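Asker: My structure is below; once you've seen it, I'll send some questions.
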There are 2 protein chains.
Amino acid sequence: MRSLIPRVAALLFAALLGVLAGSATAAESDWLPSWNDGASKQAIVRFVRATTDPASAQFVPPPQRIATFDQDGTLWVEHPIYSQLVYCLERVPAVVKQRPELAGVEPFKTVLAGDREAIARLPVADLLKIVGAALSGMSVEQFQAEVNSWLATARDPRWQRPYTELTYLPMQELLRYLRANGFKTYIVTGGGQDFVRVYSDAVYGIPPEQVVGSAGATRFGYDKSGRPTLTKVPKLLLNDDQAGKPEGIHLMIGRRPYAAFGNSDGDRQMLEYTSAGSGARLAMLVLHDDAQREYAYGPAQGLPATRVGAFTQSLYEEAQKQGWTVISMKRDWKQIFSFAP
Amino acid sequence: MRSLIPRVAALLFAALLGVLAGSATAAESDWLPSWNDGASKQAIVRFVRATTDPASAQFVPPPQRIATFDQDGTLWVEHPIYSQLVYCLERVPAVVKQRPELAGVEPFKTVLAGDREAIARLPVADLLKIVGAALSGMSVEQFQAEVNSWLATARDPRWQRPYTELTYLPMQELLRYLRANGFKTYIVTGGGQDFVRVYSDAVYGIPPEQVVGSAGATRFGYDKSGRPTLTKVPKLLLNDDQAGKPEGIHLMIGRRPYAAFGNSDGDRQMLEYTSAGSGARLAMLVLHDDAQREYAYGPAQGLPATRVGAFTQSLYEEAQKQGWTVISMKRDWKQIFSFAP
C-alpha cells in the first residue's frame with residue numbers, strides 16, 4: 001500500500017487534467033494559435049461550442065462526435081505529386097526484382113529507365129498498374145515494414161524533409177482541439193488505407209482503425225510453415241474518393257460526421273453528406289492560395305492542378321451556396337509548417 | 001465560480017472511479033460472477049493479468065488491446081434460426097407491397113403463403129434472395145428505422161422475449177471486464193453489419209464503428225428534393241465469415257486481435273489469425289452443450305446444426321491442438337441469461 005497512495009494521487013491529478021482539458025478549458029484557451037482571427041477560426045470555435053455545451057440546443061452527445069479529414073492537400077502537402085505515388089514509383093525496382101518478367105513491360109520499363117519527363121507523361125491507367133504492383137503481393141506485415149523503411153529515408157524535393165513532416169500545423173492544432181472536445185477524428189482519404197495506417201498514429205495521433213481509405217482486398221491463407229497470413233491482393237474493395245467517401249464512411253464508421261474537411265472535388269460528396277445532417281455541422285475546404293509558403297492552385301489561382309485533386313470553380317460555387325467555409329492558407333494561417341516559423 | 005467547484009469535485013470523483021475501475025481493482029474484484037471457477041474463467045483472468053500488468057513480459061499497450069467477438073451463438077442465441085433471418089422472412093410482406101411483381105415469384109410466394117415447413121426447406125440460394133430483397137433498396141436511415149421497429153415487437157418463440165434480451169450474461173460480463181481493462185471490444189459477425197449496428201450499443205455497449213459484419217454496398221445519390229442520400233444496394237462488399245473474418249478485421253480495424261471468441265467453424269480463421277500473433281493471446285470457443293437451459297448442438301451433442309453455424313469435430317480437434325479454450329455452457333456458466341437465475 002505504501003507505494004499505491006502516491007500512484008493514485010498521480011493518476012488522480014492526470015485524470016483531473018484530462019477532465020479539464022476535455023471540458024471547460026478546452027473551449028476557453030486558444031487551441032488554434034497558428035490560425036489568424038477571422039471567419040475560418042470563428043466558424044470552428046462556434047461549431048465546437050454549439051456542439052459541446054450541454055446547454056446548447058445543438059449539443060451532440062460525445063459518442064456521435066465524428067470529424068472526418070481528407071489527407072492529401074488537407075492535412076499535408078499533395079503538390080506536385082502525392083507522396084504515395086512517389087512511394088509506388090520508387091518501389092518499381094524492388095517489384096521488378098521480385099517479378100523479373102516486368103522489366104521489359106510498360107510502364108515498368110519507363111520507370112526503370114528513370115526518364116522523369118516520360119514518367120510525368122504516363123497516363124493514369126499506367127500509373128494504376130504501378131500502384132497495383134507496388135501495393136500487392138506481400139503480407140500485410142511485410143507491406144508495413146516496406147512503407148516504414150521508405151518513410152525513414154524519403155525526402156520531399158522542395159523542403160528536403162521527410163514527407164511526414166509536411167503536415168499543416170494549423171490542421172494538427174484543429175485535430176487536437178476537436179479531440180480535446182470529445183470528437184473522434186478520422187482520416188477519410190482517396191489514398192491507400194493500408195499505406196496511411198502505417199504512420200497515422202505517429203503523425204496525426206489517429207489510430208489505424210480511424211483511417212478510412214481506398215482499400216485493396218487481402219486473402220487469408222497459410223505460409224510455407226503453416227502460419228496463417230493475410231496477403232495483399234490487387235483487387236479494389238473501396239475507391240474512397242468522391243461518392244466513395246460517404247459510402248466508405250458508412251461502411252467503416254456507420255455514422256454521419258458532424259464535421260468534415262477537404263480541399264478538392266474528391267471531397268465534395270463527403271461535405272454534402274456531412275452538412276445534410278441535422279443540427280450544427282461544419283464543412284470546410286482548404287484553398288491552396290499561398291505560392292510562397294506552399295503552393296497556389298485551384299480556382300482563380302491560374303495554376304493547373306495536375307496529378308493532384310482539383311478544387312474546381314464549380315466546387316467553389318457550391319461552397320458559397322451551401323455556406324461551407326473556405327480556408328485561405330495565405331490569410332487564415334499564421335504558420336503553415338511546424339519547421340518554418 | 002460558485003457552481004464550478006462542486007462540479008469539478010464531482011468530475012474528479014467520477015474520474016477517480018474510472019481510473020480505479022480501469023486499473024488495480026479491475027483485476028482484483030470478480031468481474032465474472034456468472035462464471036464457475038474452472039479452466040475457462042482462469043484462462044480469461046490469466047490473459048487479462050498478463051496483458052495489462054506493466055511488469056508483465058506480455059504487457060500490451062492499451063491502443064493495441066483489441067478483442068473480437070462473433071455474435072450469433074457466441075454473444076446471443078442463434079438456435080434454431082438466426083434472428084436476422086427471421087427479420088428478413090418477416091419483412092417479405094412489406095417488400096412485396098413495395099415491389100408487387102415479387103408476389104407470384106419464388107421464394108417470395110412460399111414465404112407469403114406462410115407454410116412453415118416449406119419455408120424451413122428453402123435452399124440457401126432462395127434464402128439469399130430474400131435476404132437481398134429485405135436488406136436493400138432503402139436509405140440507410142430508413143433501414144435503421146425498420147430494424148428498430150421490428151426489434152421492439154419481435155419475440156423469440158421459446159422464451160417469449162425480445163431477441164435483444166437473449167444475450168449470454170457471462171459474455172456480457174466478459175465484455176465489460178475486458179473494457180474495464182482497456183480492451184476495445186468489437187463484434188465480428190457473419191451477420192449483416194448494418195443490422196447489428198442498429199442495436200450493438202444498447203445491447204452490448206459496442207458502438208456501431210466497432211461492428212464488423214457482412215457488408216452490403218451503399219450508393220451515394222440525391223433524393224427527389226436534392227438531399228444527399230445513401231441507398232443500400234444488393235451488392236456484397238464483405239462476406240464476413242470464415243476467411244472473411246480475418247480479412248474483415250484487417251479491412252475495418254487494421255490490427256491483429258489479442259483475444260477472439262467464437263462458437264463455430266465460421267470463426268476458425270479468426271481464432272487462427274489471433275492466436276498466431278506473438279505474446280499472450282486468448283482464443284475461446286463457446287460449446288452449446290446445455291439442452292436444458294439453452295440448446296445442445298455441436299461435436300458429440302448428437303444434434304445436427306441446421307441453419308446455424310456448425311462446431312464440427314474438426315474444429316474441436318484443432319482447438320485441442322492449438323490450446324484454445326472450449327467454454328462449456330453447461331459446466332462453465334452459473335447462469336446463462338440475465339432473466340433466468
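Letters A, B, ... go to the chains of the C-alpha cells in the order shown; residues in each chain start at 1; ligands are counted from 1 in the same order.
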With the cut-off set at 9 Å and counting only C-alpha atoms, tabulate each residue of chain A with an atom at most that distance from an atom of chain B, showing the nearest atom pair and its distance in Å to one decimal, ordered by chain and increasing number, as a Markdown table.

Answerer:
```
| residue | atom | partner | partner_atom | distance |
| --- | --- | --- | --- | --- |
| A:Val8 | CA | B:Leu20 | CA | 8.3 |
| A:Leu11 | CA | B:Val19 | CA | 7.1 |
| A:Leu12 | CA | B:Leu16 | CA | 5.9 |
| A:Phe13 | CA | B:Leu12 | CA | 8.8 |
| A:Ala15 | CA | B:Ala15 | CA | 5.9 |
| A:Leu16 | CA | B:Leu12 | CA | 5.9 |
| A:Val19 | CA | B:Leu11 | CA | 7.2 |
| A:Leu20 | CA | B:Val8 | CA | 8.4 |
| A:Pro63 | CA | B:Pro207 | CA | 8.0 |
| A:Val140 | CA | B:His250 | CA | 8.8 |
| A:Gln193 | CA | B:Leu251 | CA | 8.5 |
| A:Asp194 | CA | B:Gly254 | CA | 7.7 |
| A:Arg197 | CA | B:Gly254 | CA | 7.7 |
| A:Pro207 | CA | B:Pro63 | CA | 7.9 |
| A:Pro208 | CA | B:Gly254 | CA | 6.0 |
| A:Glu209 | CA | B:Ile253 | CA | 4.4 |
| A:Gln210 | CA | B:Ile253 | CA | 7.9 |
| A:Val211 | CA | B:Ile253 | CA | 8.8 |
| A:Val212 | CA | B:Met252 | CA | 8.3 |
| A:Ala215 | CA | B:Leu251 | CA | 7.3 |
| A:Gly216 | CA | B:Leu251 | CA | 8.5 |
| A:Ala217 | CA | B:Glu247 | CA | 7.7 |
| A:Thr218 | CA | B:Glu247 | CA | 5.9 |
| A:Arg219 | CA | B:Glu247 | CA | 6.7 |
| A:Phe220 | CA | B:Ala243 | CA | 5.7 |
| A:Gly221 | CA | B:Ala243 | CA | 7.9 |
| A:Arg227 | CA | B:Ala276 | CA | 6.9 |
| A:Pro228 | CA | B:Tyr273 | CA | 5.8 |
| A:Thr229 | CA | B:Tyr273 | CA | 7.3 |
| A:Leu230 | CA | B:Glu247 | CA | 7.2 |
| A:Leu237 | CA | B:Leu237 | CA | 6.9 |
| A:Leu238 | CA | B:Leu237 | CA | 8.6 |
| A:Ala243 | CA | B:Phe220 | CA | 5.7 |
| A:Gly244 | CA | B:Phe220 | CA | 7.7 |
| A:Pro246 | CA | B:Phe220 | CA | 7.0 |
| A:Glu247 | CA | B:Thr218 | CA | 5.9 |
| A:Gly248 | CA | B:Thr218 | CA | 8.9 |
| A:His250 | CA | B:Thr218 | CA | 8.0 |
| A:Leu251 | CA | B:Ala215 | CA | 7.3 |
| A:Met252 | CA | B:Met252 | CA | 6.1 |
| A:Ile253 | CA | B:Glu209 | CA | 4.4 |
| A:Gly254 | CA | B:Glu209 | CA | 5.8 |
| A:Arg255 | CA | B:Pro208 | CA | 7.6 |
| A:Gln269 | CA | B:Pro228 | CA | 8.1 |
| A:Glu272 | CA | B:Pro228 | CA | 6.6 |
| A:Tyr273 | CA | B:Pro228 | CA | 5.8 |
| A:Ala276 | CA | B:Pro228 | CA | 6.8 |
```

Asker: With only C-alpha atoms as the counted atoms, please give the residues lying no more than 12 Å from segment 39-48 of chain A, apart from itself and same-chain residues fewer than 6 positions off, as a count of residues only.

Answerer: 56

Asker: Name the closest residue to Ile187 of chain B among the candidates B:Glu101, B:Asp37, B:Asp72, B:Asp289; distances are taken between atoms, counting only C-alpha atoms.

Answerer: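 Counting only C-alpha atoms, the residue closest to Ile187 of chain B is B:Asp72.
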
Asker: Could you pull out the helix (DSSP H, G or I) residues of segment 16-252 of chain B from DSSP and send them as a ChimeraX atom specification?

Answerer: /B:16-22,24-28,39-52,62-64,83-98,100-102,108-113,116-120,124-134,140-153,163-165,169-180,193-204,208-210,244-252

Asker: What gap, in Å, lies between atom CA of Val196 of chain B and atom CA of Ile336 of chain B?

Answerer: 21.2 Å

Asker: Between atom CA of Pro257 of chain A and atom CA of Val188 of chain A, what is the distance in Å, rounded to a tenth?

Answerer: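 Straight-line distance from atom CA of Pro257 of chain A to atom CA of Val188 of chain A works out to 11.0 Å.
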
Asker: I need the residues of segment 35-284 of chain B that end up classed as strand (DSSP E) by DSSP on the backbone, written out as a PDB file with N, CA and C atoms, in the first residue's frame.

Answerer:
```pdb
ATOM      1  N   ILE B  66      -7.127  -5.246 -28.571  1.00  0.00           N
ATOM      2  CA  ILE B  66      -8.299  -5.457 -29.425  1.00  0.00           C
ATOM      3  C   ILE B  66      -8.854  -6.849 -29.113  1.00  0.00           C
ATOM      4  N   ALA B  67     -10.146  -6.918 -28.844  1.00  0.00           N
ATOM      5  CA  ALA B  67     -10.807  -8.210 -28.622  1.00  0.00           C
ATOM      6  C   ALA B  67     -12.002  -8.300 -29.565  1.00  0.00           C
ATOM      7  N   THR B  68     -12.111  -9.407 -30.285  1.00  0.00           N
ATOM      8  CA  THR B  68     -13.172  -9.558 -31.283  1.00  0.00           C
ATOM      9  C   THR B  68     -14.107 -10.708 -30.907  1.00  0.00           C
ATOM     10  N   PHE B  69     -15.398 -10.454 -31.043  1.00  0.00           N
ATOM     11  CA  PHE B  69     -16.430 -11.417 -30.658  1.00  0.00           C
ATOM     12  C   PHE B  69     -17.339 -11.717 -31.839  1.00  0.00           C
ATOM     13  N   LYS B 184     -10.510  -2.725 -26.376  1.00  0.00           N
ATOM     14  CA  LYS B 184     -11.552  -2.228 -27.258  1.00  0.00           C
ATOM     15  C   LYS B 184     -12.268  -3.474 -27.760  1.00  0.00           C
ATOM     16  N   THR B 185     -13.565  -3.572 -27.508  1.00  0.00           N
ATOM     17  CA  THR B 185     -14.307  -4.771 -27.891  1.00  0.00           C
ATOM     18  C   THR B 185     -15.027  -4.545 -29.227  1.00  0.00           C
ATOM     19  N   TYR B 186     -14.880  -5.503 -30.109  1.00  0.00           N
ATOM     20  CA  TYR B 186     -15.505  -5.466 -31.433  1.00  0.00           C
ATOM     21  C   TYR B 186     -16.406  -6.683 -31.599  1.00  0.00           C
ATOM     22  N   ILE B 187     -17.491  -6.504 -32.334  1.00  0.00           N
ATOM     23  CA  ILE B 187     -18.243  -7.639 -32.856  1.00  0.00           C
ATOM     24  C   ILE B 187     -17.722  -7.917 -34.259  1.00  0.00           C
ATOM     25  N   VAL B 188     -17.421  -9.180 -34.546  1.00  0.00           N
ATOM     26  CA  VAL B 188     -17.019  -9.586 -35.902  1.00  0.00           C
ATOM     27  C   VAL B 188     -17.947 -10.733 -36.294  1.00  0.00           C
ATOM     28  N   THR B 189     -18.975 -10.388 -37.053  1.00  0.00           N
ATOM     29  CA  THR B 189     -20.093 -11.300 -37.274  1.00  0.00           C
ATOM     30  C   THR B 189     -20.303 -11.615 -38.751  1.00  0.00           C
ATOM     31  N   GLY B 190     -20.743 -12.838 -39.017  1.00  0.00           N
ATOM     32  CA  GLY B 190     -21.184 -13.173 -40.360  1.00  0.00           C
ATOM     33  C   GLY B 190     -22.509 -12.504 -40.686  1.00  0.00           C
ATOM     34  N   GLY B 191     -23.206 -12.041 -39.662  1.00  0.00           N
ATOM     35  CA  GLY B 191     -24.468 -11.324 -39.842  1.00  0.00           C
ATOM     36  C   GLY B 191     -24.243  -9.968 -40.496  1.00  0.00           C
ATOM     37  N   GLY B 192     -25.326  -9.308 -40.819  1.00  0.00           N
ATOM     38  CA  GLY B 192     -25.244  -8.035 -41.534  1.00  0.00           C
ATOM     39  C   GLY B 192     -24.707  -6.924 -40.652  1.00  0.00           C
ATOM     40  N   VAL B 211     -18.438  -2.540 -34.994  1.00  0.00           N
ATOM     41  CA  VAL B 211     -19.113  -3.727 -35.512  1.00  0.00           C
ATOM     42  C   VAL B 211     -18.595  -3.997 -36.917  1.00  0.00           C
ATOM     43  N   VAL B 212     -17.977  -5.155 -37.100  1.00  0.00           N
ATOM     44  CA  VAL B 212     -17.539  -5.612 -38.413  1.00  0.00           C
ATOM     45  C   VAL B 212     -18.471  -6.757 -38.778  1.00  0.00           C
ATOM     46  N   GLY B 213     -19.099  -6.682 -39.936  1.00  0.00           N
ATOM     47  CA  GLY B 213     -20.014  -7.749 -40.321  1.00  0.00           C
ATOM     48  C   GLY B 213     -20.069  -7.887 -41.819  1.00  0.00           C
ATOM     49  N   SER B 214     -20.871  -8.833 -42.278  1.00  0.00           N
ATOM     50  CA  SER B 214     -21.062  -8.941 -43.719  1.00  0.00           C
ATOM     51  C   SER B 214     -21.701  -7.643 -44.181  1.00  0.00           C
ATOM     52  N   ALA B 215     -21.081  -7.022 -45.170  1.00  0.00           N
ATOM     53  CA  ALA B 215     -21.474  -5.656 -45.517  1.00  0.00           C
ATOM     54  C   ALA B 215     -21.897  -5.556 -46.962  1.00  0.00           C
ATOM     55  N   GLY B 216     -23.080  -5.018 -47.153  1.00  0.00           N
ATOM     56  CA  GLY B 216     -23.536  -4.694 -48.493  1.00  0.00           C
ATOM     57  C   GLY B 216     -23.089  -3.293 -48.852  1.00  0.00           C
ATOM     58  N   ALA B 217     -23.036  -3.028 -50.151  1.00  0.00           N
ATOM     59  CA  ALA B 217     -22.634  -1.700 -50.607  1.00  0.00           C
ATOM     60  C   ALA B 217     -23.767  -0.703 -50.414  1.00  0.00           C
ATOM     61  N   THR B 218     -23.412   0.570 -50.402  1.00  0.00           N
ATOM     62  CA  THR B 218     -24.400   1.639 -50.490  1.00  0.00           C
ATOM     63  C   THR B 218     -24.062   2.462 -51.725  1.00  0.00           C
ATOM     64  N   ARG B 219     -25.054   3.209 -52.199  1.00  0.00           N
ATOM     65  CA  ARG B 219     -24.812   4.096 -53.346  1.00  0.00           C
ATOM     66  C   ARG B 219     -25.188   5.504 -52.942  1.00  0.00           C
ATOM     67  N   PHE B 220     -24.226   6.417 -53.064  1.00  0.00           N
ATOM     68  CA  PHE B 220     -24.480   7.820 -52.755  1.00  0.00           C
ATOM     69  C   PHE B 220     -25.257   8.445 -53.903  1.00  0.00           C
ATOM     70  N   GLY B 221     -26.267   9.235 -53.573  1.00  0.00           N
ATOM     71  CA  GLY B 221     -27.027   9.930 -54.602  1.00  0.00           C
ATOM     72  C   GLY B 221     -27.853  11.034 -53.967  1.00  0.00           C
ATOM     73  N   TYR B 222     -28.851  11.500 -54.688  1.00  0.00           N
ATOM     74  CA  TYR B 222     -29.671  12.607 -54.204  1.00  0.00           C
ATOM     75  C   TYR B 222     -31.131  12.201 -54.314  1.00  0.00           C
ATOM     76  N   PRO B 228     -28.674  14.796 -50.256  1.00  0.00           N
ATOM     77  CA  PRO B 228     -27.756  13.665 -50.421  1.00  0.00           C
ATOM     78  C   PRO B 228     -28.238  12.469 -49.623  1.00  0.00           C
ATOM     79  N   THR B 229     -28.141  11.291 -50.199  1.00  0.00           N
ATOM     80  CA  THR B 229     -28.645  10.115 -49.502  1.00  0.00           C
ATOM     81  C   THR B 229     -27.812   8.882 -49.852  1.00  0.00           C
ATOM     82  N   LEU B 230     -27.737   7.949 -48.899  1.00  0.00           N
ATOM     83  CA  LEU B 230     -27.053   6.675 -49.128  1.00  0.00           C
ATOM     84  C   LEU B 230     -28.102   5.584 -49.204  1.00  0.00           C
ATOM     85  N   THR B 231     -28.142   4.873 -50.330  1.00  0.00           N
ATOM     86  CA  THR B 231     -29.120   3.819 -50.537  1.00  0.00           C
ATOM     87  C   THR B 231     -28.437   2.461 -50.450  1.00  0.00           C
ATOM     88  N   LYS B 232     -29.047   1.536 -49.734  1.00  0.00           N
ATOM     89  CA  LYS B 232     -28.487   0.186 -49.633  1.00  0.00           C
ATOM     90  C   LYS B 232     -28.749  -0.564 -50.947  1.00  0.00           C
ATOM     91  N   VAL B 233     -27.696  -1.126 -51.522  1.00  0.00           N
ATOM     92  CA  VAL B 233     -27.833  -1.849 -52.790  1.00  0.00           C
ATOM     93  C   VAL B 233     -27.432  -3.316 -52.599  1.00  0.00           C
ATOM     94  N   PRO B 234     -28.021  -4.216 -53.406  1.00  0.00           N
ATOM     95  CA  PRO B 234     -27.767  -5.655 -53.209  1.00  0.00           C
ATOM     96  C   PRO B 234     -26.435  -6.104 -53.801  1.00  0.00           C
ATOM     97  N   LYS B 235     -25.340  -5.590 -53.239  1.00  0.00           N
ATOM     98  CA  LYS B 235     -24.001  -5.981 -53.702  1.00  0.00           C
ATOM     99  C   LYS B 235     -23.161  -6.237 -52.457  1.00  0.00           C
ATOM    100  N   LEU B 236     -22.640  -7.450 -52.334  1.00  0.00           N
ATOM    101  CA  LEU B 236     -21.892  -7.815 -51.128  1.00  0.00           C
ATOM    102  C   LEU B 236     -20.446  -7.313 -51.219  1.00  0.00           C
ATOM    103  N   LEU B 237     -20.041  -6.468 -50.268  1.00  0.00           N
ATOM    104  CA  LEU B 237     -18.655  -5.987 -50.242  1.00  0.00           C
ATOM    105  C   LEU B 237     -17.767  -6.893 -49.398  1.00  0.00           C
ATOM    106  N   LEU B 238     -18.328  -7.400 -48.311  1.00  0.00           N
ATOM    107  CA  LEU B 238     -17.535  -8.237 -47.403  1.00  0.00           C
ATOM    108  C   LEU B 238     -18.399  -9.376 -46.889  1.00  0.00           C
ATOM    109  N   ALA B 259      -7.423 -11.088 -28.454  1.00  0.00           N
ATOM    110  CA  ALA B 259      -8.374 -12.077 -27.957  1.00  0.00           C
ATOM    111  C   ALA B 259      -9.502 -12.210 -28.959  1.00  0.00           C
ATOM    112  N   ALA B 260      -9.960 -13.456 -29.181  1.00  0.00           N
ATOM    113  CA  ALA B 260     -11.060 -13.677 -30.112  1.00  0.00           C
ATOM    114  C   ALA B 260     -11.955 -14.788 -29.577  1.00  0.00           C
ATOM    115  N   PHE B 261     -13.261 -14.627 -29.817  1.00  0.00           N
ATOM    116  CA  PHE B 261     -14.263 -15.525 -29.258  1.00  0.00           C
ATOM    117  C   PHE B 261     -15.242 -15.929 -30.355  1.00  0.00           C
ATOM    118  N   GLY B 262     -15.493 -17.223 -30.449  1.00  0.00           N
ATOM    119  CA  GLY B 262     -16.411 -17.705 -31.457  1.00  0.00           C
ATOM    120  C   GLY B 262     -17.137 -18.941 -30.974  1.00  0.00           C
ATOM    121  N   LEU B 282      -5.590 -14.892 -26.505  1.00  0.00           N
ATOM    122  CA  LEU B 282      -6.677 -15.691 -25.959  1.00  0.00           C
ATOM    123  C   LEU B 282      -7.639 -16.059 -27.083  1.00  0.00           C
ATOM    124  N   ALA B 283      -7.884 -17.343 -27.267  1.00  0.00           N
ATOM    125  CA  ALA B 283      -8.821 -17.802 -28.293  1.00  0.00           C
ATOM    126  C   ALA B 283      -9.794 -18.765 -27.613  1.00  0.00           C
ATOM    127  N   MET B 284     -11.083 -18.477 -27.683  1.00  0.00           N
ATOM    128  CA  MET B 284     -12.075 -19.291 -26.975  1.00  0.00           C
ATOM    129  C   MET B 284     -13.257 -19.612 -27.876  1.00  0.00           C
TER     130      MET B 284
END
```
